[in-house]
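Below is one structure; the comments refer to it alone.
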Amino acid sequence: MAELKESIDYENVFDHIQNVEDDIVNEERLNFIEILRSAYHQQIENGELESHGELQYSLLQSLNFAEDAAGKGLPLNDWYATQVASDCWVSFADKVFNAFLRRLRHLRCKKACSWNRVDLDFLAVKLQVRQVLAFVRAHRVAQMIFKQDFATEVLTVAEETVLDESNAQIKLAEASLEKLDRSDIHVVVSHFACHILLNKSVHFVEQLAKQNLIPETEASAMLVELDEYIEHLLECEKISHEDVMSPSQQSSILQQMAASSVFSETFEEVENDLSVPLIT
């Protein structure tokens, strides 16, 4: 018996066990990344995230980076990867944008003046806030799906590890907003809430028309009007607006809507989509 104990290489046994555990964590991590990818695509389908542009590129590209890192046994770090992907896009977009402006000036196009008045600071704030909202929303949805459809009833060590990594990424993303002015964040979130509500309105009208509950001509007119609202909202790059309700007035109306049986369900859906409360 003593000879048997001496023949066992315990160090190699422990190393093997550790390698097996690392492989299990890695497999769970890769599963979670795929769920995240699906969550982003769902946001695109719902109209919450643009199908093209920097936001979509940085968020989806970050998962490619995260997948490569996971293949090397590294923990989830997609928030940092999102920033790297975003910086790459900004560098390219800056060159294109500047070339575009030079071309407009050369042609003496009337629209050149309006492009020159674009508030680039607001664009940066808008991008960062929208990026965090989409990122946090995707992680929370992914966590829910991971627990419901992939994890065991009592979480394993590997499953807990991946969820802890996801929560750490959410904290990093939310912390990035601390340096921004809260009023600026409020404006971007308000715009985004309007964007979600308008998209839900489009879907609602389309469903009514599909079920022949409203005439086709009336539905078409409503959809055209809603599209104009959405286009105006997307083009709005202002931090301050004239002739608008004060924050207290907005909060009062939102509270009334939240209490209404007609709007309460939609109101809750929008809050879930934003991952932040609409009433503060």
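FYI, nothing fancy with the structure tokens labels: chains A, B, ... in order, residues from 1 per chain, ligands from 1 as they appear.
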
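Residues surrounding range 35-38 of chain A within 7 Å are Leu60, Ala138, His139 and Ala142 of chain A [only C-alpha atoms; sequence separation below 5 positions excluded].
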
Shell around His195 in chain A at 8 Å using only C-alpha atoms, local window under 5 positions removed, as a PDB file with N, CA, C and O atoms, in the first residue's frame:
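Now in out_39.pdb:
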ATOM      1  N   GLU A  48     -33.967  48.643 -31.295  1.00  0.00           N
ATOM      2  CA  GLU A  48     -33.312  49.323 -30.177  1.00  0.00           C
ATOM      3  C   GLU A  48     -31.858  49.640 -30.503  1.00  0.00           C
ATOM      4  O   GLU A  48     -31.242  50.502 -29.870  1.00  0.00           O
ATOM      5  N   ILE A 230     -39.542  59.326 -35.982  1.00  0.00           N
ATOM      6  CA  ILE A 230     -38.314  58.566 -35.735  1.00  0.00           C
ATOM      7  C   ILE A 230     -37.127  59.235 -36.417  1.00  0.00           C
ATOM      8  O   ILE A 230     -36.048  59.362 -35.835  1.00  0.00           O
ATOM      9  N   LEU A 233     -36.155  62.295 -34.527  1.00  0.00           N
ATOM     10  CA  LEU A 233     -35.506  61.925 -33.267  1.00  0.00           C
ATOM     11  C   LEU A 233     -34.055  61.519 -33.498  1.00  0.00           C
ATOM     12  O   LEU A 233     -33.150  61.906 -32.752  1.00  0.00           O
TER      13      LEU A 233
END

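With only C-alpha atoms as the basis for measurement, A:Glu28 is the residue among A:Asp78, A:Glu54, A:Glu67, A:Glu28 that approaches Lys147 in chain A most closely.
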
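Among A:Ile214, A:Glu159, A:His191, A:Lys179, the residue with the shortest atom-to-atom distance to Glu235 in chain A, counting only C-alpha atoms, is A:His191.
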
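When the distance limit is 12 Å and only C-alpha atoms are what count, the residues near Val157 in chain A, minus those fewer than 3 positions from it on the same chain, are Glu21, Asp22, Ile24, Val25, Asn26, Glu28, Ala151, Thr152, Val154, Glu160, Thr161, Val162, Leu163 and Asp164 of chain A.
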